[in-house]
file final32.tsv (TSV, C-alpha atoms)
chain	number	residue	atom	x	y	z
A	1	MET	CA	79.72	207.12	218.04
A	2	VAL	CA	80.15	206.39	214.37
A	3	GLU	CA	83.35	204.59	213.41
A	4	TRP	CA	84.93	205.79	210.19
A	5	THR	CA	87.68	203.94	208.37
A	6	ASP	CA	90.56	205.89	206.87
A	7	PHE	CA	89.17	205.12	203.44
A	8	GLU	CA	85.74	206.50	204.37
A	9	ARG	CA	87.20	209.71	205.80
A	10	ALA	CA	89.40	210.23	202.77
A	11	THR	CA	86.53	209.48	200.38
A	12	ILE	CA	84.19	212.00	201.97
A	13	GLN	CA	86.83	214.75	202.04
A	14	ASP	CA	87.78	213.92	198.46
A	15	ILE	CA	84.24	213.95	197.07
A	16	PHE	CA	83.31	217.23	198.76
A	17	SER	CA	86.56	218.96	197.87
A	18	LYS	CA	85.84	218.33	194.19
A	19	LEU	CA	82.15	219.23	194.31
A	20	GLU	CA	80.81	222.21	192.40
A	21	TYR	CA	78.32	223.31	195.03
A	22	GLU	CA	76.44	225.67	192.70
A	23	VAL	CA	75.88	222.83	190.23
A	24	VAL	CA	75.34	219.78	192.40
A	25	GLY	CA	73.20	221.43	195.08
A	26	PRO	CA	70.61	222.83	192.65
A	27	GLN	CA	70.56	219.60	190.62
A	28	ALA	CA	70.02	217.44	193.69
A	29	LEU	CA	67.16	219.53	195.08
A	30	ALA	CA	65.52	219.93	191.67
A	31	ARG	CA	65.77	216.20	191.01
A	32	CYS	CA	64.18	215.51	194.40
A	33	LEU	CA	61.26	217.83	193.59
A	34	VAL	CA	60.76	216.10	190.22
A	35	VAL	CA	61.24	212.48	191.26
A	36	TYR	CA	59.34	212.81	194.56
A	37	PRO	CA	56.81	215.54	193.80
A	38	TRP	CA	55.22	215.44	197.25
A	39	THR	CA	58.39	217.10	198.55
A	40	GLN	CA	57.18	220.26	196.81
A	41	ARG	CA	54.86	220.76	199.77
A	42	TYR	CA	57.67	222.55	201.59
A	43	PHE	CA	58.28	225.06	198.85
A	44	GLY	CA	54.90	226.67	198.31
A	45	ASN	CA	56.44	230.12	197.99
A	46	PHE	CA	59.04	229.11	195.41
A	47	GLY	CA	56.87	230.10	192.47
A	48	ASN	CA	56.65	227.94	189.35
A	49	LEU	CA	57.17	224.24	190.11
A	50	TYR	CA	54.61	223.05	187.56
A	51	ASN	CA	56.81	220.78	185.51
A	52	ALA	CA	60.33	219.40	185.41
A	53	ALA	CA	61.63	222.17	183.16
A	54	ALA	CA	60.22	224.85	185.45
A	55	ILE	CA	61.73	223.18	188.51
A	56	MET	CA	65.14	222.74	186.91
A	57	GLY	CA	65.18	226.40	185.88
A	58	ASN	CA	63.75	227.87	189.07
A	59	PRO	CA	66.26	230.29	190.66
A	60	MET	CA	64.85	229.84	194.19
A	61	VAL	CA	65.31	226.08	193.90
A	62	ALA	CA	68.87	226.62	192.70
A	63	LYS	CA	69.71	228.98	195.55
A	64	HIS	CA	68.21	226.67	198.14
A	65	GLY	CA	69.96	223.65	196.69
A	66	THR	CA	73.29	225.40	197.14
A	67	THR	CA	72.37	226.33	200.72
A	68	ILE	CA	71.51	222.73	201.57
A	69	LEU	CA	74.74	221.40	200.13
A	70	HIS	CA	76.79	223.92	202.10
A	71	GLY	CA	74.86	222.70	205.14
A	72	LEU	CA	76.54	219.35	204.63
A	73	ASP	CA	79.93	221.05	205.05
A	74	ARG	CA	79.37	221.03	208.80
A	75	ALA	CA	79.25	217.26	208.80
A	76	VAL	CA	82.24	216.98	206.48
A	77	LYS	CA	84.28	219.08	208.91
A	78	ASN	CA	82.96	217.32	212.04
A	79	MET	CA	82.69	213.69	211.04
A	80	ASP	CA	83.33	212.52	214.59
A	81	ASP	CA	80.41	214.41	216.05
A	82	ILE	CA	77.77	214.80	213.39
A	83	LYS	CA	75.04	214.11	215.93
A	84	ASN	CA	75.74	217.23	217.99
A	85	THR	CA	76.76	219.29	214.99
A	86	TYR	CA	73.23	218.98	213.62
A	87	ALA	CA	71.25	219.28	216.88
A	88	GLU	CA	70.30	222.88	216.12
A	89	LEU	CA	69.43	222.17	212.48
A	90	SER	CA	67.35	219.20	213.61
A	91	VAL	CA	65.30	221.44	215.89
A	92	LEU	CA	64.89	223.91	213.04
A	93	HIS	CA	63.63	221.27	210.60
A	94	SER	CA	61.25	219.90	213.21
A	95	GLU	CA	59.91	222.94	215.03
A	96	LYS	CA	60.02	225.62	212.39
A	97	LEU	CA	60.06	223.94	208.99
A	98	HIS	CA	57.93	220.91	209.96
A	99	VAL	CA	59.68	218.65	207.45
A	100	ASP	CA	58.81	214.95	207.62
A	101	PRO	CA	62.21	213.33	208.30
A	102	ASP	CA	61.49	210.62	205.72
A	103	ASN	CA	62.16	213.34	203.15
A	104	PHE	CA	65.80	213.62	204.19
A	105	LYS	CA	66.45	210.15	202.80
A	106	LEU	CA	64.80	211.05	199.50
A	107	LEU	CA	67.07	214.07	199.08
A	108	ALA	CA	70.08	211.97	200.11
A	109	ASP	CA	69.27	209.44	197.36
A	110	CYS	CA	68.98	212.21	194.76
A	111	LEU	CA	72.29	213.69	195.91
A	112	THR	CA	73.94	210.27	195.54
A	113	ILE	CA	72.64	210.03	192.00
A	114	VAL	CA	73.79	213.53	191.04
A	115	VAL	CA	77.27	212.88	192.47
A	116	ALA	CA	77.31	209.55	190.60
A	117	ALA	CA	76.47	211.38	187.36
A	118	GLN	CA	79.25	213.91	188.00
A	119	MET	CA	81.91	211.32	188.83
A	120	GLY	CA	80.95	208.59	186.37
A	121	LYS	CA	83.03	205.44	186.63
A	122	ALA	CA	85.18	207.05	189.34
A	123	PHE	CA	82.21	206.64	191.69
A	124	THR	CA	83.04	203.06	192.63
A	125	GLY	CA	80.91	200.79	194.80
A	126	GLU	CA	83.25	201.41	197.73
A	127	MET	CA	82.93	205.18	197.33
A	128	GLN	CA	79.17	204.86	197.04
A	129	ALA	CA	79.12	202.86	200.28
A	130	ALA	CA	81.14	205.53	202.10
A	131	PHE	CA	79.05	208.36	200.68
A	132	GLN	CA	75.75	206.69	201.54
A	133	LYS	CA	76.99	205.86	205.06
A	134	PHE	CA	77.93	209.52	205.54
A	135	LEU	CA	74.53	210.72	204.31
A	136	ALA	CA	72.76	208.16	206.48
A	137	VAL	CA	74.50	209.54	209.56
A	138	VAL	CA	73.52	213.08	208.56
A	139	VAL	CA	69.92	211.99	207.96
A	140	THR	CA	69.70	210.26	211.35
A	141	SER	CA	71.19	213.30	213.10
A	142	LEU	CA	68.74	215.65	211.43
A	143	GLY	CA	65.87	213.48	212.63
A	144	ARG	CA	67.08	213.16	216.20
A	145	GLN	CA	65.49	216.19	217.81
A	146	TYR	CA	62.00	215.48	216.51
A	147	HIS	CA	59.41	214.66	219.16
B	1	MET	CA	51.44	203.84	194.60
B	2	THR	CA	52.51	203.05	191.08
B	3	THR	CA	50.41	203.25	187.95
B	4	LEU	CA	52.56	203.96	184.96
B	5	SER	CA	51.27	206.74	182.76
B	6	VAL	CA	51.59	206.65	178.98
B	7	LYS	CA	54.41	209.17	179.36
B	8	ASP	CA	56.18	206.93	181.89
B	9	LYS	CA	55.96	203.92	179.60
B	10	ASP	CA	57.17	205.85	176.55
B	11	THR	CA	60.03	207.35	178.56
B	12	VAL	CA	61.10	203.96	179.89
B	13	LYS	CA	60.92	202.32	176.47
B	14	ALA	CA	62.88	205.12	174.82
B	15	PHE	CA	65.57	205.13	177.51
B	16	TRP	CA	65.80	201.33	177.44
B	17	ALA	CA	66.31	201.43	173.68
B	18	LYS	CA	69.31	203.70	174.26
B	19	VAL	CA	70.93	201.72	177.07
B	20	SER	CA	69.98	198.08	176.49
B	21	GLY	CA	73.09	197.55	174.38
B	22	ASN	CA	75.05	197.96	177.63
B	23	ALA	CA	72.70	195.75	179.63
B	24	ASP	CA	75.39	193.25	180.66
B	25	GLU	CA	77.69	195.98	181.97
B	26	ILE	CA	74.84	197.77	183.75
B	27	GLY	CA	73.70	194.56	185.41
B	28	ALA	CA	77.19	193.52	186.50
B	29	ASP	CA	77.91	196.95	188.00
B	30	ALA	CA	74.51	197.15	189.74
B	31	VAL	CA	74.84	193.73	191.37
B	32	ALA	CA	78.47	194.39	192.33
B	33	ARG	CA	77.54	197.71	193.89
B	34	MET	CA	74.65	196.15	195.77
B	35	LEU	CA	76.95	193.57	197.37
B	36	VAL	CA	79.44	196.27	198.41
B	37	VAL	CA	77.06	199.04	199.50
B	38	TYR	CA	74.51	196.74	201.16
B	39	PRO	CA	76.56	193.83	202.52
B	40	GLN	CA	73.47	192.17	203.99
B	41	THR	CA	72.49	191.23	200.41
B	42	LYS	CA	75.47	188.88	200.28
B	43	THR	CA	73.46	186.50	202.44
B	44	TYR	CA	71.58	185.40	199.32
B	45	PHE	CA	74.78	184.40	197.57
B	46	SER	CA	76.55	182.35	200.21
B	47	HIS	CA	76.72	179.57	197.61
B	48	TRP	CA	79.14	181.64	195.52
B	49	LYS	CA	82.77	181.03	196.39
B	50	ASP	CA	83.75	184.40	194.96
B	51	GLN	CA	81.52	187.35	195.82
B	52	SER	CA	83.96	190.01	194.65
B	53	PRO	CA	82.69	192.66	192.22
B	54	ASN	CA	84.45	191.28	189.15
B	55	SER	CA	83.79	187.62	189.78
B	56	PRO	CA	82.19	185.59	186.99
B	57	ALA	CA	79.22	184.73	189.24
B	58	VAL	CA	78.46	188.39	189.91
B	59	ARG	CA	78.77	189.35	186.26
B	60	LYS	CA	76.59	186.43	185.18
B	61	HIS	CA	73.97	187.37	187.73
B	62	GLY	CA	73.97	190.92	186.47
B	63	VAL	CA	73.19	189.61	182.99
B	64	THR	CA	70.33	187.52	184.39
B	65	VAL	CA	68.82	190.45	186.25
B	66	MET	CA	68.96	192.75	183.23
B	67	LEU	CA	67.36	190.10	181.01
B	68	GLY	CA	64.51	190.17	183.51
B	69	ILE	CA	64.35	193.98	183.32
B	70	GLY	CA	64.31	193.79	179.54
B	71	GLU	CA	61.44	191.33	179.72
B	72	ALA	CA	59.60	193.71	182.03
B	73	VAL	CA	60.06	196.58	179.56
B	74	ALA	CA	58.58	194.41	176.81
B	75	LYS	CA	55.62	193.53	179.04
B	76	ILE	CA	55.24	196.99	180.49
B	77	ASP	CA	51.53	197.10	179.76
B	78	ASP	CA	50.76	194.19	182.09
B	79	LEU	CA	53.62	193.56	184.47
B	80	LYS	CA	51.59	191.44	186.87
B	81	ALA	CA	50.71	188.88	184.19
B	82	GLY	CA	53.98	189.25	182.32
B	83	LEU	CA	56.19	188.62	185.34
B	84	ALA	CA	54.02	185.96	186.99
B	85	SER	CA	56.50	183.13	186.58
B	86	LEU	CA	59.39	185.32	187.75
B	87	SER	CA	57.30	186.19	190.76
B	88	GLU	CA	56.82	182.52	191.55
B	89	LEU	CA	60.55	181.99	191.23
B	90	HIS	CA	61.35	184.80	193.67
B	91	ALA	CA	58.55	183.84	196.06
B	92	PHE	CA	58.93	180.08	196.32
B	93	THR	CA	62.43	179.25	195.22
B	94	LEU	CA	64.64	182.25	195.86
B	95	ARG	CA	62.58	183.70	198.72
B	96	VAL	CA	64.22	187.10	198.43
B	97	ASP	CA	62.85	189.57	200.95
B	98	PRO	CA	61.06	192.15	198.77
B	99	ALA	CA	62.83	194.98	200.60
B	100	ASN	CA	65.85	194.02	198.55
B	101	PHE	CA	64.10	194.89	195.28
B	102	LYS	CA	64.23	198.52	196.36
B	103	ILE	CA	67.93	198.19	197.13
B	104	LEU	CA	68.79	196.72	193.74
B	105	SER	CA	66.58	199.29	191.99
B	106	HIS	CA	68.52	202.09	193.68
B	107	CYS	CA	71.80	200.54	192.54
B	108	ILE	CA	70.51	200.27	188.97
B	109	LEU	CA	69.60	203.97	189.06
B	110	VAL	CA	73.08	204.91	190.36
B	111	VAL	CA	74.69	202.91	187.54
B	112	MET	CA	72.45	204.64	184.98
B	113	ALA	CA	73.64	207.98	186.40
B	114	THR	CA	77.32	207.03	186.16
B	115	MET	CA	77.03	205.59	182.65
B	116	PHE	CA	74.48	207.92	181.07
B	117	PRO	CA	74.70	211.24	182.94
B	118	ASN	CA	73.21	213.23	180.06
B	119	GLU	CA	70.37	210.88	179.19
B	120	PHE	CA	69.41	210.08	182.79
B	121	THR	CA	67.55	213.35	183.27
B	122	PRO	CA	65.18	213.93	186.21
B	123	GLU	CA	62.23	213.07	183.93
B	124	VAL	CA	63.81	209.78	182.93
B	125	HIS	CA	64.74	209.18	186.57
B	126	VAL	CA	61.19	209.54	187.87
B	127	SER	CA	59.71	207.29	185.16
B	128	LEU	CA	62.40	204.66	185.61
B	129	ASP	CA	62.02	204.79	189.40
B	130	LYS	CA	58.25	204.27	189.05
B	131	PHE	CA	58.85	201.47	186.55
B	132	LEU	CA	61.29	199.62	188.82
B	133	ALA	CA	58.86	200.02	191.72
B	134	SER	CA	56.13	198.49	189.53
B	135	VAL	CA	58.44	195.62	188.62
B	136	ALA	CA	59.15	195.07	192.32
B	137	LEU	CA	55.44	195.02	193.03
B	138	ALA	CA	54.79	192.51	190.24
B	139	LEU	CA	57.64	190.33	191.53
B	140	SER	CA	56.08	190.40	195.00
B	141	GLU	CA	52.65	189.26	193.75
B	142	LYS	CA	52.99	185.57	194.55
B	143	TYR	CA	54.66	185.97	197.94
B	144	ARG	CA	51.53	185.71	200.03

call {"tool": "encode", "arguments": {"input": "final32.tsv", "output": "structure tokens"}}
result
Amino acid sequence: MVEWTDFERATIQDIFSKLEYEVVGPQALARCLVVYPWTQRYFGNFGNLYNAAAIMGNPMVAKHGTTILHGLDRAVKNMDDIKNTYAELSVLHSEKLHVDPDNFKLLADCLTIVVAAQMGKAFTGEMQAAFQKFLAVVVTSLGRQYH
Amino acid sequence: MTTLSVKDKDTVKAFWAKVSGNADEIGADAVARMLVVYPQTKTYFSHWKDQSPNSPAVRKHGVTVMLGIGEAVAKIDDLKAGLASLSELHAFTLRVDPANFKILSHCILVVMATMFPNEFTPEVHVSLDKFLASVALALSEKYR
């Protein structure tokens, strides 16, 4: 089981309580599609992803970005059992969506960068460490049911 | 994986022109973050008495790293040749595992996001990420 310090728990709750889901989610997914264009393979039916401007303005990307970020809420609320919390979502991503689990890390990195941009100097090294540890646990849990 | 397009190079040079005035601060923050977020990197600095984020050694090292980045921007058209001596330094003297280049690159990108949220657009991000990957590759040239 993952051990969380009081600081880490507080940091995760704090960051997510202040997050504008409809801003950060879309920005994180859009950034991922721009910075790592091969991730676009999973969004063939999202319409125009031809260039950065199109991606940033695409309403389907925005909607899905928000959905993904709300998906993280489950982990925020169940930090002591993220593994089981995501068992079902892991099966979904593996069996139905066929997403290469390496992509989870790419999205996690983009989310870190978007949160960093939102928080500025307030996003200290210690907060970054806690946030990245949290995302790493989520990423591992999402990859667990693959076979 | 990484050939820098004309657009990448122009984007990197333009962004660098905007941020290089803060190079010292960027470098200090990136190195400090690296030591906190990826504690295994501290193993390379066991000779520093003080490894805390605001220590003079950390700040000085941040300056050194960013001077290297600045040099890479200036030699962006031939990184392999331009960074040859830095590669020898990292390969034979410092012997830094090249996996750590990726770690420091990520920290540099996070610092850019915190300090320049409006300028560090996704387009700038992708070009800078490609550039830092190319720098890492050039630094790894002499390893084996």

call {"tool": "interface_residues", "arguments": {"input": "final32.tsv", "of": "chain A", "to": "chain B", "cutoff": "10 Å", "atoms": "only C-alpha atoms", "output": "ChimeraX atom specification"}}
result
/A:27-28,30-37,51-53,56,109-110,112-133

call {"tool": "atom_distance", "arguments": {"input": "final32.tsv", "atom1": "CA of Ile103 (chain B)", "atom2": "CA of Lys42 (chain B)"}}
result
12.4 Å

call {"tool": "residues_around", "arguments": {"input": "final32.tsv", "residues": "Leu89 (chain B)", "least_positions_apart": "4", "cutoff": "12 Å", "atoms": "all atoms listed in the file", "output": "PyMOL selection string"}}
result
chain B and resi 68+83-85+93-96+139-143

call {"tool": "atom_distance", "arguments": {"input": "final32.tsv", "atom1": "CA of Leu79 (chain B)", "atom2": "CA of Lys9 (chain B)"}}
result
11.7 Å

call {"tool": "atom_distance", "arguments": {"input": "final32.tsv", "atom1": "CA of Thr67 (chain A)", "atom2": "CA of Lys96 (chain A)"}}
result
17.0 Å

call {"tool": "decode", "arguments": {"input": "final32.tsv", "residues": "region 33-51 of chain B", "atoms": "N, CA, C and O atoms", "output": "PDB file, in the first residue's frame"}}
result
ATOM      1  N   ARG B  33      14.363  21.826  -7.780  1.00  0.00           N
ATOM      2  CA  ARG B  33      13.219  20.947  -7.943  1.00  0.00           C
ATOM      3  C   ARG B  33      13.646  19.514  -8.203  1.00  0.00           C
ATOM      4  O   ARG B  33      13.089  18.573  -7.647  1.00  0.00           O
ATOM      5  N   MET B  34      14.634  19.352  -9.074  1.00  0.00           N
ATOM      6  CA  MET B  34      15.114  18.019  -9.421  1.00  0.00           C
ATOM      7  C   MET B  34      15.547  17.273  -8.158  1.00  0.00           C
ATOM      8  O   MET B  34      15.183  16.116  -7.957  1.00  0.00           O
ATOM      9  N   LEU B  35      16.288  17.958  -7.283  1.00  0.00           N
ATOM     10  CA  LEU B  35      16.802  17.307  -6.079  1.00  0.00           C
ATOM     11  C   LEU B  35      15.666  16.928  -5.121  1.00  0.00           C
ATOM     12  O   LEU B  35      15.766  15.930  -4.400  1.00  0.00           O
ATOM     13  N   VAL B  36      14.589  17.714  -5.140  1.00  0.00           N
ATOM     14  CA  VAL B  36      13.457  17.439  -4.244  1.00  0.00           C
ATOM     15  C   VAL B  36      12.525  16.382  -4.839  1.00  0.00           C
ATOM     16  O   VAL B  36      12.111  15.441  -4.167  1.00  0.00           O
ATOM     17  N   VAL B  37      12.196  16.536  -6.126  1.00  0.00           N
ATOM     18  CA  VAL B  37      11.203  15.653  -6.743  1.00  0.00           C
ATOM     19  C   VAL B  37      11.798  14.292  -7.095  1.00  0.00           C
ATOM     20  O   VAL B  37      11.104  13.286  -7.101  1.00  0.00           O
ATOM     21  N   TYR B  38      13.088  14.279  -7.410  1.00  0.00           N
ATOM     22  CA  TYR B  38      13.765  13.034  -7.789  1.00  0.00           C
ATOM     23  C   TYR B  38      14.988  12.850  -6.900  1.00  0.00           C
ATOM     24  O   TYR B  38      16.124  13.088  -7.320  1.00  0.00           O
ATOM     25  N   PRO B  39      14.765  12.431  -5.646  1.00  0.00           N
ATOM     26  CA  PRO B  39      15.858  12.419  -4.670  1.00  0.00           C
ATOM     27  C   PRO B  39      17.060  11.576  -5.097  1.00  0.00           C
ATOM     28  O   PRO B  39      18.170  11.824  -4.625  1.00  0.00           O
ATOM     29  N   GLN B  40      16.827  10.622  -6.013  1.00  0.00           N
ATOM     30  CA  GLN B  40      17.959   9.790  -6.434  1.00  0.00           C
ATOM     31  C   GLN B  40      19.040  10.642  -7.120  1.00  0.00           C
ATOM     32  O   GLN B  40      20.202  10.243  -7.176  1.00  0.00           O
ATOM     33  N   THR B  41      18.655  11.812  -7.648  1.00  0.00           N
ATOM     34  CA  THR B  41      19.642  12.661  -8.327  1.00  0.00           C
ATOM     35  C   THR B  41      20.637  13.265  -7.342  1.00  0.00           C
ATOM     36  O   THR B  41      21.702  13.727  -7.747  1.00  0.00           O
ATOM     37  N   LYS B  42      20.284  13.246  -6.056  1.00  0.00           N
ATOM     38  CA  LYS B  42      21.210  13.808  -5.062  1.00  0.00           C
ATOM     39  C   LYS B  42      22.506  13.003  -4.993  1.00  0.00           C
ATOM     40  O   LYS B  42      23.522  13.507  -4.524  1.00  0.00           O
ATOM     41  N   THR B  43      22.444  11.764  -5.484  1.00  0.00           N
ATOM     42  CA  THR B  43      23.643  10.928  -5.417  1.00  0.00           C
ATOM     43  C   THR B  43      24.813  11.532  -6.168  1.00  0.00           C
ATOM     44  O   THR B  43      25.966  11.250  -5.868  1.00  0.00           O
ATOM     45  N   TYR B  44      24.519  12.403  -7.147  1.00  0.00           N
ATOM     46  CA  TYR B  44      25.615  13.022  -7.903  1.00  0.00           C
ATOM     47  C   TYR B  44      26.238  14.202  -7.186  1.00  0.00           C
ATOM     48  O   TYR B  44      27.233  14.751  -7.649  1.00  0.00           O
ATOM     49  N   PHE B  45      25.617  14.606  -6.074  1.00  0.00           N
ATOM     50  CA  PHE B  45      26.082  15.819  -5.401  1.00  0.00           C
ATOM     51  C   PHE B  45      26.435  15.547  -3.939  1.00  0.00           C
ATOM     52  O   PHE B  45      26.299  16.417  -3.081  1.00  0.00           O
ATOM     53  N   SER B  46      26.898  14.332  -3.686  1.00  0.00           N
ATOM     54  CA  SER B  46      27.228  13.962  -2.306  1.00  0.00           C
ATOM     55  C   SER B  46      28.397  14.797  -1.788  1.00  0.00           C
ATOM     56  O   SER B  46      28.625  14.875  -0.581  1.00  0.00           O
ATOM     57  N   HIS B  47      29.117  15.452  -2.726  1.00  0.00           N
ATOM     58  CA  HIS B  47      30.247  16.278  -2.312  1.00  0.00           C
ATOM     59  C   HIS B  47      29.809  17.660  -1.845  1.00  0.00           C
ATOM     60  O   HIS B  47      30.625  18.453  -1.384  1.00  0.00           O
ATOM     61  N   TRP B  48      28.500  17.970  -1.974  1.00  0.00           N
ATOM     62  CA  TRP B  48      28.006  19.240  -1.472  1.00  0.00           C
ATOM     63  C   TRP B  48      27.551  19.067  -0.037  1.00  0.00           C
ATOM     64  O   TRP B  48      26.743  18.190   0.268  1.00  0.00           O
ATOM     65  N   LYS B  49      28.040  19.916   0.847  1.00  0.00           N
ATOM     66  CA  LYS B  49      27.592  19.810   2.238  1.00  0.00           C
ATOM     67  C   LYS B  49      26.104  20.145   2.332  1.00  0.00           C
ATOM     68  O   LYS B  49      25.356  19.539   3.060  1.00  0.00           O
ATOM     69  N   ASP B  50      25.717  21.172   1.574  1.00  0.00           N
ATOM     70  CA  ASP B  50      24.351  21.676   1.668  1.00  0.00           C
ATOM     71  C   ASP B  50      23.612  21.427   0.349  1.00  0.00           C
ATOM     72  O   ASP B  50      23.903  22.075  -0.652  1.00  0.00           O
ATOM     73  N   GLN B  51      22.656  20.482   0.388  1.00  0.00           N
ATOM     74  CA  GLN B  51      21.918  20.174  -0.830  1.00  0.00           C
ATOM     75  C   GLN B  51      20.529  20.808  -0.827  1.00  0.00           C
ATOM     76  O   GLN B  51      19.676  20.460  -1.621  1.00  0.00           O
TER      77      GLN B  51
END
